[in-house]
>>> print(open('structure.json').read())   # JSON, C-alpha atoms
[["chain", "number", "residue", "atom", "x", "y", "z"],
["A", 1, "MET", "CA", 89.42, 54.12, 52.75],
["A", 2, "LYS", "CA", 91.30, 57.35, 51.97],
["A", 3, "TYR", "CA", 92.89, 57.25, 55.44],
["A", 4, "LEU", "CA", 93.89, 53.63, 54.88],
["A", 5, "ARG", "CA", 95.58, 54.57, 51.59],
["A", 6, "ARG", "CA", 97.56, 57.31, 53.37],
["A", 7, "VAL", "CA", 98.74, 54.80, 55.96],
["A", 8, "LEU", "CA", 99.45, 51.98, 53.51],
["A", 9, "ASP", "CA", 101.35, 53.59, 50.65],
["A", 10, "ASN", "CA", 102.35, 51.67, 47.51],
["A", 11, "PHE", "CA", 105.77, 50.69, 48.85],
["A", 12, "THR", "CA", 104.32, 49.37, 52.11],
["A", 13, "LEU", "CA", 101.79, 47.33, 50.16],
["A", 14, "ALA", "CA", 104.62, 46.01, 47.97],
["A", 15, "LEU", "CA", 106.59, 44.99, 51.08],
["A", 16, "LEU", "CA", 103.58, 43.11, 52.45],
["A", 17, "ALA", "CA", 103.07, 41.43, 49.07],
["A", 18, "VAL", "CA", 106.72, 40.33, 48.90],
["A", 19, "VAL", "CA", 106.56, 38.85, 52.41],
["A", 20, "LEU", "CA", 103.39, 36.97, 51.41],
["A", 21, "ILE", "CA", 105.00, 35.69, 48.17],
["A", 22, "ALA", "CA", 108.11, 34.59, 50.08],
["A", 23, "THR", "CA", 105.88, 32.78, 52.57],
["A", 24, "LEU", "CA", 103.89, 30.94, 49.87],
["A", 25, "LEU", "CA", 106.61, 30.59, 47.20],
["A", 26, "PRO", "CA", 110.04, 30.79, 48.85],
["A", 27, "CYS", "CA", 113.08, 30.39, 46.64],
["A", 28, "SER", "CA", 115.37, 27.47, 47.46],
["A", 29, "GLY", "CA", 118.13, 25.40, 45.92],
["A", 30, "VAL", "CA", 119.49, 26.80, 42.66],
["A", 31, "GLY", "CA", 116.87, 29.57, 42.76],
["A", 32, "ALA", "CA", 118.17, 30.73, 46.13],
["A", 33, "VAL", "CA", 121.72, 30.88, 44.73],
["A", 34, "VAL", "CA", 120.56, 32.96, 41.75],
["A", 35, "PHE", "CA", 118.57, 35.31, 43.94],
["A", 36, "GLY", "CA", 121.58, 35.58, 46.25],
["A", 37, "TRP", "CA", 123.75, 36.85, 43.40],
["A", 38, "LEU", "CA", 121.01, 39.21, 42.22],
["A", 39, "THR", "CA", 120.65, 40.51, 45.76],
["A", 40, "ASN", "CA", 124.37, 41.26, 46.05],
["A", 41, "LEU", "CA", 124.27, 43.16, 42.73],
["A", 42, "ALA", "CA", 121.17, 45.06, 43.84],
["A", 43, "ILE", "CA", 122.82, 46.06, 47.11],
["A", 44, "GLY", "CA", 125.86, 47.38, 45.25],
["A", 45, "LEU", "CA", 123.65, 49.36, 42.85],
["A", 46, "LEU", "CA", 121.60, 50.74, 45.74],
["A", 47, "PHE", "CA", 124.63, 52.17, 47.54],
["A", 48, "PHE", "CA", 126.19, 53.39, 44.28],
["A", 49, "LEU", "CA", 123.05, 55.45, 43.67],
["A", 50, "HIS", "CA", 123.11, 56.70, 47.27],
["A", 51, "GLY", "CA", 126.63, 57.97, 46.69],
["A", 52, "ALA", "CA", 125.71, 59.55, 43.36],
["A", 53, "LYS", "CA", 122.67, 61.34, 44.83],
["A", 54, "LEU", "CA", 124.43, 62.79, 47.89],
["A", 55, "SER", "CA", 125.25, 66.46, 47.28],
["A", 56, "ARG", "CA", 128.52, 67.52, 48.88],
["A", 57, "GLU", "CA", 127.50, 71.17, 48.64],
["A", 58, "ALA", "CA", 124.33, 70.59, 50.65],
["A", 59, "VAL", "CA", 126.23, 68.63, 53.28],
["A", 60, "ILE", "CA", 128.90, 71.34, 53.62],
["A", 61, "ALA", "CA", 126.16, 73.97, 54.03],
["A", 62, "GLY", "CA", 125.00, 72.37, 57.29],
["A", 63, "ALA", "CA", 128.28, 70.93, 58.51],
["A", 64, "GLY", "CA", 129.17, 73.82, 60.82],
["A", 65, "HIS", "CA", 126.39, 73.10, 63.31],
["A", 66, "TRP", "CA", 128.52, 70.59, 65.21],
["A", 67, "ARG", "CA", 126.56, 70.63, 68.49],
["A", 68, "LEU", "CA", 123.38, 69.63, 66.67],
["A", 69, "HIS", "CA", 125.17, 66.90, 64.72],
["A", 70, "LEU", "CA", 126.77, 65.42, 67.82],
["A", 71, "LEU", "CA", 123.39, 65.26, 69.53],
["A", 72, "VAL", "CA", 121.76, 63.59, 66.52],
["A", 73, "PHE", "CA", 124.59, 61.03, 66.33],
["A", 74, "ALA", "CA", 124.29, 60.40, 70.08],
["A", 75, "CYS", "CA", 120.55, 59.80, 69.75],
["A", 76, "THR", "CA", 121.03, 57.49, 66.76],
["A", 77, "PHE", "CA", 124.00, 55.43, 67.91],
["A", 78, "VAL", "CA", 123.89, 55.74, 71.73],
["A", 79, "MET", "CA", 120.37, 56.49, 72.98],
["A", 80, "PHE", "CA", 118.68, 53.94, 70.71],
["A", 81, "PRO", "CA", 120.96, 51.04, 71.74],
["A", 82, "LEU", "CA", 120.74, 51.97, 75.42],
["A", 83, "LEU", "CA", 116.94, 52.04, 75.23],
["A", 84, "GLY", "CA", 116.95, 48.68, 73.47],
["A", 85, "LEU", "CA", 118.98, 47.18, 76.30],
["A", 86, "ALA", "CA", 117.09, 48.96, 79.08],
["A", 87, "PHE", "CA", 113.71, 47.77, 77.79],
["A", 88, "LYS", "CA", 114.82, 44.13, 77.53],
["A", 89, "PRO", "CA", 112.72, 42.99, 80.56],
["A", 90, "LEU", "CA", 109.64, 44.46, 78.85],
["A", 91, "PHE", "CA", 110.43, 43.56, 75.25],
["A", 92, "VAL", "CA", 111.51, 39.91, 75.52],
["A", 93, "PRO", "CA", 108.21, 38.66, 77.06],
["A", 94, "LEU", "CA", 106.32, 40.49, 74.31],
["A", 95, "VAL", "CA", 108.31, 39.35, 71.27],
["A", 96, "GLY", "CA", 110.59, 36.50, 72.35],
["A", 97, "ASN", "CA", 114.38, 36.29, 72.08],
["A", 98, "GLU", "CA", 114.61, 36.00, 68.28],
["A", 99, "LEU", "CA", 112.61, 39.13, 67.47],
["A", 100, "TYR", "CA", 114.28, 40.97, 70.35],
["A", 101, "LEU", "CA", 117.61, 40.50, 68.59],
["A", 102, "GLY", "CA", 115.98, 42.11, 65.57],
["A", 103, "VAL", "CA", 114.97, 45.04, 67.77],
["A", 104, "LEU", "CA", 118.59, 45.40, 68.92],
["A", 105, "TYR", "CA", 119.70, 45.34, 65.28],
["A", 106, "LEU", "CA", 117.17, 48.08, 64.56],
["A", 107, "CYS", "CA", 118.67, 50.15, 67.40],
["A", 108, "ALA", "CA", 122.16, 49.88, 65.87],
["A", 109, "LEU", "CA", 121.19, 51.25, 62.42],
["A", 110, "PRO", "CA", 121.89, 54.74, 61.05],
["A", 111, "ALA", "CA", 119.19, 57.32, 60.42],
["A", 112, "THR", "CA", 117.26, 57.45, 57.19],
["A", 113, "VAL", "CA", 118.15, 60.30, 54.83],
["A", 114, "GLN", "CA", 115.11, 60.97, 52.65],
["A", 115, "SER", "CA", 112.32, 60.95, 55.25],
["A", 116, "ALA", "CA", 114.36, 62.83, 57.88],
["A", 117, "ILE", "CA", 114.96, 65.65, 55.40],
["A", 118, "ALA", "CA", 111.40, 65.54, 54.06],
["A", 119, "PHE", "CA", 109.80, 65.80, 57.50],
["A", 120, "THR", "CA", 112.22, 68.54, 58.59],
["A", 121, "SER", "CA", 111.36, 70.48, 55.44],
["A", 122, "LEU", "CA", 107.61, 70.04, 55.96],
["A", 123, "ALA", "CA", 107.92, 71.15, 59.60],
["A", 124, "ARG", "CA", 110.09, 74.15, 58.59],
["A", 125, "GLY", "CA", 113.12, 73.10, 60.57],
["A", 126, "ASN", "CA", 116.84, 73.57, 59.85],
["A", 127, "ILE", "CA", 116.99, 71.82, 56.48],
["A", 128, "PRO", "CA", 120.77, 72.17, 55.71],
["A", 129, "ALA", "CA", 121.58, 70.73, 59.14],
["A", 130, "ALA", "CA", 119.12, 67.87, 58.55],
["A", 131, "ILE", "CA", 120.79, 67.05, 55.24],
["A", 132, "CYS", "CA", 124.22, 67.03, 56.84],
["A", 133, "SER", "CA", 123.20, 64.98, 59.90],
["A", 134, "ALA", "CA", 121.19, 62.40, 57.99],
["A", 135, "ALA", "CA", 123.84, 61.95, 55.28],
["A", 136, "ALA", "CA", 126.69, 61.72, 57.79],
["A", 137, "SER", "CA", 124.68, 59.26, 59.90],
["A", 138, "SER", "CA", 124.16, 57.05, 56.86],
["A", 139, "LEU", "CA", 127.88, 57.11, 56.07],
["A", 140, "LEU", "CA", 129.01, 56.58, 59.67],
["A", 141, "GLY", "CA", 126.57, 53.69, 59.98],
["A", 142, "ILE", "CA", 128.61, 51.70, 57.47],
["A", 143, "PHE", "CA", 131.36, 51.61, 60.10],
["A", 144, "LEU", "CA", 129.47, 51.95, 63.40],
["A", 145, "THR", "CA", 126.56, 49.58, 62.83],
["A", 146, "PRO", "CA", 128.68, 46.39, 62.49],
["A", 147, "VAL", "CA", 130.53, 47.33, 65.69],
["A", 148, "LEU", "CA", 127.28, 48.03, 67.56],
["A", 149, "VAL", "CA", 125.74, 44.80, 66.26],
["A", 150, "MET", "CA", 128.67, 42.79, 67.62],
["A", 151, "LEU", "CA", 128.48, 44.62, 70.97],
["A", 152, "LEU", "CA", 124.70, 44.36, 71.34],
["A", 153, "LEU", "CA", 124.08, 40.90, 69.94],
["A", 154, "GLY", "CA", 127.39, 39.29, 70.86],
["A", 155, "ALA", "CA", 127.43, 35.56, 70.42],
["A", 156, "GLU", "CA", 123.62, 35.43, 70.12],
["A", 157, "GLY", "CA", 123.57, 37.02, 66.67],
["A", 158, "GLU", "CA", 125.05, 34.94, 63.85],
["A", 159, "THR", "CA", 127.17, 37.73, 62.39],
["A", 160, "GLY", "CA", 130.26, 35.77, 61.46],
["A", 161, "SER", "CA", 133.71, 37.06, 62.44],
["A", 162, "GLY", "CA", 134.24, 40.77, 63.03],
["A", 163, "LEU", "CA", 136.90, 41.00, 60.33],
["A", 164, "ASP", "CA", 134.69, 39.20, 57.84],
["A", 165, "ALA", "CA", 131.78, 41.56, 58.59],
["A", 166, "VAL", "CA", 133.96, 44.65, 58.11],
["A", 167, "LEU", "CA", 135.32, 43.24, 54.84],
["A", 168, "LYS", "CA", 131.83, 42.50, 53.53],
["A", 169, "ILE", "CA", 130.59, 45.95, 54.51],
["A", 170, "THR", "CA", 133.56, 47.56, 52.79],
["A", 171, "LEU", "CA", 133.21, 45.62, 49.55],
["A", 172, "GLN", "CA", 129.42, 45.58, 49.21],
["A", 173, "LEU", "CA", 128.44, 48.92, 50.73],
["A", 174, "LEU", "CA", 131.32, 51.36, 51.11],
["A", 175, "VAL", "CA", 133.08, 50.74, 47.79],
["A", 176, "PRO", "CA", 129.91, 51.26, 45.71],
["A", 177, "PHE", "CA", 129.04, 54.34, 47.80],
["A", 178, "VAL", "CA", 132.48, 55.90, 47.22],
["A", 179, "ALA", "CA", 132.28, 54.98, 43.53],
["A", 180, "GLY", "CA", 128.94, 56.79, 43.33],
["A", 181, "GLN", "CA", 130.44, 59.87, 44.97],
["A", 182, "LEU", "CA", 133.37, 59.87, 42.53],
["A", 183, "ALA", "CA", 131.01, 59.42, 39.57],
["A", 184, "ARG", "CA", 128.70, 62.21, 40.75],
["A", 185, "ARG", "CA", 130.54, 64.87, 38.72],
["A", 186, "TRP", "CA", 129.57, 63.01, 35.54],
["A", 187, "ILE", "CA", 126.22, 61.44, 36.42],
["A", 188, "GLY", "CA", 124.95, 63.67, 39.26],
["A", 189, "ALA", "CA", 122.77, 65.84, 37.01],
["A", 190, "TRP", "CA", 121.38, 62.76, 35.23],
["A", 191, "VAL", "CA", 120.56, 61.17, 38.59],
["A", 192, "GLN", "CA", 118.70, 64.29, 39.70],
["A", 193, "ARG", "CA", 116.73, 64.48, 36.43],
["A", 194, "ASN", "CA", 115.73, 60.82, 36.69],
["A", 195, "ALA", "CA", 115.14, 60.71, 40.45],
["A", 196, "ARG", "CA", 111.54, 59.57, 40.01],
["A", 197, "TRP", "CA", 112.24, 56.35, 38.14],
["A", 198, "LEU", "CA", 115.52, 55.74, 39.99],
["A", 199, "LYS", "CA", 113.39, 55.59, 43.13],
["A", 200, "ILE", "CA", 111.91, 52.43, 41.61],
["A", 201, "VAL", "CA", 115.44, 50.99, 41.44],
["A", 202, "ASP", "CA", 115.95, 51.85, 45.11],
["A", 203, "GLN", "CA", 112.70, 50.28, 46.21],
["A", 204, "GLY", "CA", 113.12, 47.32, 43.86],
["A", 205, "SER", "CA", 116.50, 46.55, 45.43],
["A", 206, "ILE", "CA", 114.98, 46.56, 48.90],
["A", 207, "LEU", "CA", 112.08, 44.35, 47.79],
["A", 208, "LEU", "CA", 114.52, 41.87, 46.26],
["A", 209, "VAL", "CA", 116.54, 41.70, 49.48],
["A", 210, "VAL", "CA", 113.35, 41.28, 51.53],
["A", 211, "TYR", "CA", 112.17, 38.43, 49.28],
["A", 212, "THR", "CA", 115.52, 36.64, 49.46],
["A", 213, "ALA", "CA", 115.80, 37.09, 53.23],
["A", 214, "PHE", "CA", 112.25, 35.98, 53.97],
["A", 215, "SER", "CA", 112.50, 33.04, 51.60],
["A", 216, "ASP", "CA", 115.53, 31.80, 53.51],
["A", 217, "ALA", "CA", 113.73, 32.46, 56.80],
["A", 218, "VAL", "CA", 110.57, 30.63, 55.71],
["A", 219, "VAL", "CA", 112.55, 27.61, 54.50],
["A", 220, "THR", "CA", 114.26, 27.44, 57.91],
["A", 221, "GLY", "CA", 110.95, 27.79, 59.79],
["A", 222, "LEU", "CA", 110.45, 31.50, 60.58],
["A", 223, "TRP", "CA", 106.66, 31.32, 60.90],
["A", 224, "HIS", "CA", 106.94, 28.27, 63.12],
["A", 225, "THR", "CA", 109.10, 30.17, 65.62],
["A", 226, "VAL", "CA", 107.36, 33.59, 65.43],
["A", 227, "SER", "CA", 103.88, 33.30, 66.90],
["A", 228, "PRO", "CA", 100.91, 35.64, 66.24],
["A", 229, "GLN", "CA", 101.24, 36.80, 69.85],
["A", 230, "HIS", "CA", 104.85, 37.84, 69.27],
["A", 231, "LEU", "CA", 103.88, 39.67, 66.08],
["A", 232, "ALA", "CA", 101.21, 41.59, 68.01],
["A", 233, "GLY", "CA", 103.75, 42.29, 70.74],
["A", 234, "LEU", "CA", 106.13, 43.66, 68.12],
["A", 235, "PHE", "CA", 103.66, 46.47, 67.35],
["A", 236, "VAL", "CA", 103.74, 47.44, 71.03],
["A", 237, "VAL", "CA", 107.54, 47.21, 71.19],
["A", 238, "CYS", "CA", 108.06, 49.42, 68.14],
["A", 239, "GLY", "CA", 105.54, 51.95, 69.44],
["A", 240, "VAL", "CA", 107.16, 52.11, 72.88],
["A", 241, "LEU", "CA", 110.65, 52.44, 71.41],
["A", 242, "LEU", "CA", 109.62, 55.23, 69.04],
["A", 243, "ALA", "CA", 107.73, 57.10, 71.78],
["A", 244, "ALA", "CA", 110.75, 56.93, 74.09],
["A", 245, "VAL", "CA", 113.10, 58.22, 71.39],
["A", 246, "LEU", "CA", 110.76, 61.04, 70.34],
["A", 247, "PHE", "CA", 110.42, 62.09, 73.98],
["A", 248, "GLY", "CA", 114.19, 61.89, 74.53],
["A", 249, "THR", "CA", 115.13, 63.88, 71.42],
["A", 250, "ARG", "CA", 112.56, 66.57, 72.19],
["A", 251, "LEU", "CA", 113.65, 66.80, 75.86],
["A", 252, "LEU", "CA", 117.37, 67.00, 75.01],
["A", 253, "GLY", "CA", 116.80, 69.63, 72.34],
["A", 254, "ARG", "CA", 114.98, 71.88, 74.80],
["A", 255, "ALA", "CA", 117.36, 71.22, 77.70],
["A", 256, "LEU", "CA", 120.43, 72.09, 75.62],
["A", 257, "GLY", "CA", 118.95, 75.39, 74.45],
["A", 258, "PHE", "CA", 118.54, 74.73, 70.74],
["A", 259, "SER", "CA", 116.22, 76.92, 68.67],
["A", 260, "LEU", "CA", 112.86, 75.58, 67.56],
["A", 261, "GLU", "CA", 114.14, 74.98, 64.02],
["A", 262, "ASP", "CA", 117.10, 73.02, 65.37],
["A", 263, "ARG", "CA", 114.88, 71.05, 67.76],
["A", 264, "ILE", "CA", 112.71, 70.03, 64.81],
["A", 265, "THR", "CA", 115.82, 68.75, 63.00],
["A", 266, "ILE", "CA", 116.99, 66.88, 66.09],
["A", 267, "LEU", "CA", 113.55, 65.31, 66.52],
["A", 268, "PHE", "CA", 113.24, 64.02, 62.95],
["A", 269, "ALA", "CA", 116.89, 63.20, 62.24],
["A", 270, "GLY", "CA", 117.52, 61.58, 65.63],
["A", 271, "SER", "CA", 114.44, 59.35, 65.75],
["A", 272, "LYS", "CA", 114.72, 57.66, 62.35],
["A", 273, "LYS", "CA", 116.10, 54.28, 61.38],
["A", 274, "SER", "CA", 116.89, 53.48, 57.76],
["A", 275, "LEU", "CA", 115.08, 50.66, 56.00],
["A", 276, "ALA", "CA", 117.10, 51.37, 52.83],
["A", 277, "THR", "CA", 120.36, 50.79, 54.72],
["A", 278, "GLY", "CA", 119.20, 48.24, 57.28],
["A", 279, "VAL", "CA", 117.74, 45.62, 54.95],
["A", 280, "PRO", "CA", 120.77, 45.21, 52.65],
["A", 281, "MET", "CA", 123.16, 45.54, 55.60],
["A", 282, "ALA", "CA", 121.40, 42.63, 57.33],
["A", 283, "GLN", "CA", 122.02, 40.55, 54.20],
["A", 284, "VAL", "CA", 125.73, 41.31, 54.60],
["A", 285, "LEU", "CA", 126.05, 40.99, 58.38],
["A", 286, "PHE", "CA", 123.97, 37.94, 59.21],
["A", 287, "VAL", "CA", 124.20, 34.34, 58.09],
["A", 288, "GLY", "CA", 121.72, 31.50, 58.13],
["A", 289, "GLY", "CA", 117.94, 31.77, 58.27],
["A", 290, "GLY", "CA", 117.75, 34.43, 60.97],
["A", 291, "ILE", "CA", 117.74, 37.39, 58.58],
["A", 292, "GLY", "CA", 113.94, 37.44, 58.29],
["A", 293, "ALA", "CA", 113.49, 37.85, 62.04],
["A", 294, "MET", "CA", 116.24, 40.49, 62.06],
["A", 295, "ILE", "CA", 114.54, 42.76, 59.53],
["A", 296, "LEU", "CA", 110.91, 42.20, 60.60],
["A", 297, "PRO", "CA", 111.13, 44.72, 63.51],
["A", 298, "LEU", "CA", 112.80, 47.23, 61.17],
["A", 299, "MET", "CA", 110.05, 46.91, 58.55],
["A", 300, "LEU", "CA", 107.35, 47.50, 61.15],
["A", 301, "PHE", "CA", 109.20, 50.31, 62.92],
["A", 302, "HIS", "CA", 109.79, 52.03, 59.57],
["A", 303, "GLN", "CA", 106.08, 52.24, 58.83],
["A", 304, "ILE", "CA", 105.15, 53.38, 62.35],
["A", 305, "GLN", "CA", 107.81, 56.11, 62.34],
["A", 306, "LEU", "CA", 106.55, 57.43, 58.99],
["A", 307, "MET", "CA", 102.93, 57.65, 60.20],
["A", 308, "VAL", "CA", 103.75, 59.25, 63.56],
["A", 309, "CYS", "CA", 106.31, 61.70, 62.19],
["A", 310, "ALA", "CA", 103.96, 62.75, 59.40],
["A", 311, "VAL", "CA", 101.45, 63.85, 62.04],
["A", 312, "LEU", "CA", 104.13, 65.65, 64.07],
["A", 313, "ALA", "CA", 105.53, 67.41, 60.99],
["A", 314, "GLN", "CA", 102.08, 68.69, 60.05],
["A", 315, "LYS", "CA", 101.58, 70.07, 63.57],
["A", 316, "TYR", "CA", 104.91, 71.90, 63.43],
["A", 317, "ALA", "CA", 104.09, 73.19, 59.95],
["A", 318, "ALA", "CA", 100.79, 74.60, 61.23],
["A", 319, "ARG", "CA", 102.54, 77.10, 63.53],
["A", 320, "GLU", "CA", 102.43, 80.74, 62.57],
["A", 321, "VAL", "CA", 105.61, 82.25, 61.12],
["A", 322, "GLY", "CA", 107.41, 84.08, 63.90],
["A", 323, "GLY", "CA", 104.78, 83.03, 66.39],
["A", 324, "ALA", "CA", 104.39, 80.36, 69.01],
["A", 325, "SER", "CA", 104.49, 76.76, 67.93],
["A", 326, "VAL", "CA", 101.52, 74.48, 68.37],
["A", 327, "VAL", "CA", 104.09, 71.85, 69.32],
["A", 328, "SER", "CA", 106.86, 73.31, 71.44]]
>>> encode(input="structure.json", output="structure tokens")
Amino acid sequence: MKYLRRVLDNFTLALLAVVLIATLLPCSGVGAVVFGWLTNLAIGLLFFLHGAKLSREAVIAGAGHWRLHLLVFACTFVMFPLLGLAFKPLFVPLVGNELYLGVLYLCALPATVQSAIAFTSLARGNIPAAICSAAASSLLGIFLTPVLVMLLLGAEGETGSGLDAVLKITLQLLVPFVAGQLARRWIGAWVQRNARWLKIVDQGSILLVVYTAFSDAVVTGLWHTVSPQHLAGLFVVCGVLLAAVLFGTRLLGRALGFSLEDRITILFAGSKKSLATGVPMAQVLFVGGGIGAMILPLMLFHQIQLMVCAVLAQKYAAREVGGASVVS
């Protein structure tokens, strides 16, 4: 039971509960319109808080390690999409075309900030570089992810026009983020002091977006098109994708001569995909009832990456200071 509680944390349980509620009691009609407006406001608040929390000083402290940052960006925005495309003959029979598009969307997302830094810190890696890479990845993703989505999904993904997607991203994500950065000088200390309960705002925003997206998907027949076999196959797909990325980041870090601390940062910053960015961004990028299938692979991948990387971080942390690593 204790092991189960470590695997299924409170937020994961909340996500599962929201998906169940959306399945049994989806919002529709006027309710869907109201939840749509609430979702847009929640997305703006989420990215405003991201901007207010991001410390420029911490980012500058790790900004000089450009080789590491380039490799992390290449893993996040190049290796992931290439693996998603290369594994298509394996993935499509396992999950079907609709969920495979969600896997491609997952591959186009930026890295997560909080968990990448947390795991790097636990594993005693290069923390300033992790902060810089993860934060820059999150910011670059606002621009790169819509482009990658259009390249990877093409006409198959209902993303609307390219100009419309960029405009939506700018208004709903970038503008609040920049506003948060500008307001940091006045509210930054308050945000830090209240980080614990502001985390509830972050998670609440994501839960609201998930409920709205899955309600729309359920109304348009998500669970009639996604079979139990495809859901089981999605576990395999996410596991294979994560294993390939972890192997690739570790191999590249060693081959390019990075120190152990830098390799730890590359491993954890280059293998993550952001649920906090991906869920609200899907609400902006995609139209129609396909949003639920788009974020389902991301939700599952997010939980798998947390469990696997927690084990890896603990193994790195167990190494002796100045000695050989138990995981080299």
>>> residues_around(input="structure.json", residues="segment 96-98 of chain A", least_positions_apart="2", cutoff="9 Å", atoms="all atoms listed in the file", output="ChimeraX atom specification")
/A:91-94,100-102,225-226,230,290,293-294
>>> closest_residue(input="structure.json", among="A:Leu122, A:Leu207, A:Ala318, A:Val33", to="Ala17 of chain A", atoms="all atoms listed in the file")
A:Leu207
>>> residues_around(input="structure.json", residues="Thr145 of chain A", least_positions_apart="4", cutoff="6 Å", atoms="all atoms listed in the file", output="PyMOL selection string")
chain A and resi 108-109+141+149
>>> residues_around(input="structure.json", residues="segment 187-190 of chain A", least_positions_apart="2", cutoff="12 Å", atoms="only C-alpha atoms", output="number ranges by chain")
A: 48-56, 179-185, 192-198
>>> closest_residue(input="structure.json", among="A:Thr249, A:Asn10, A:Thr212, A:Asn126", to="Val78 of chain A", atoms="all atoms listed in the file")
A:Thr249
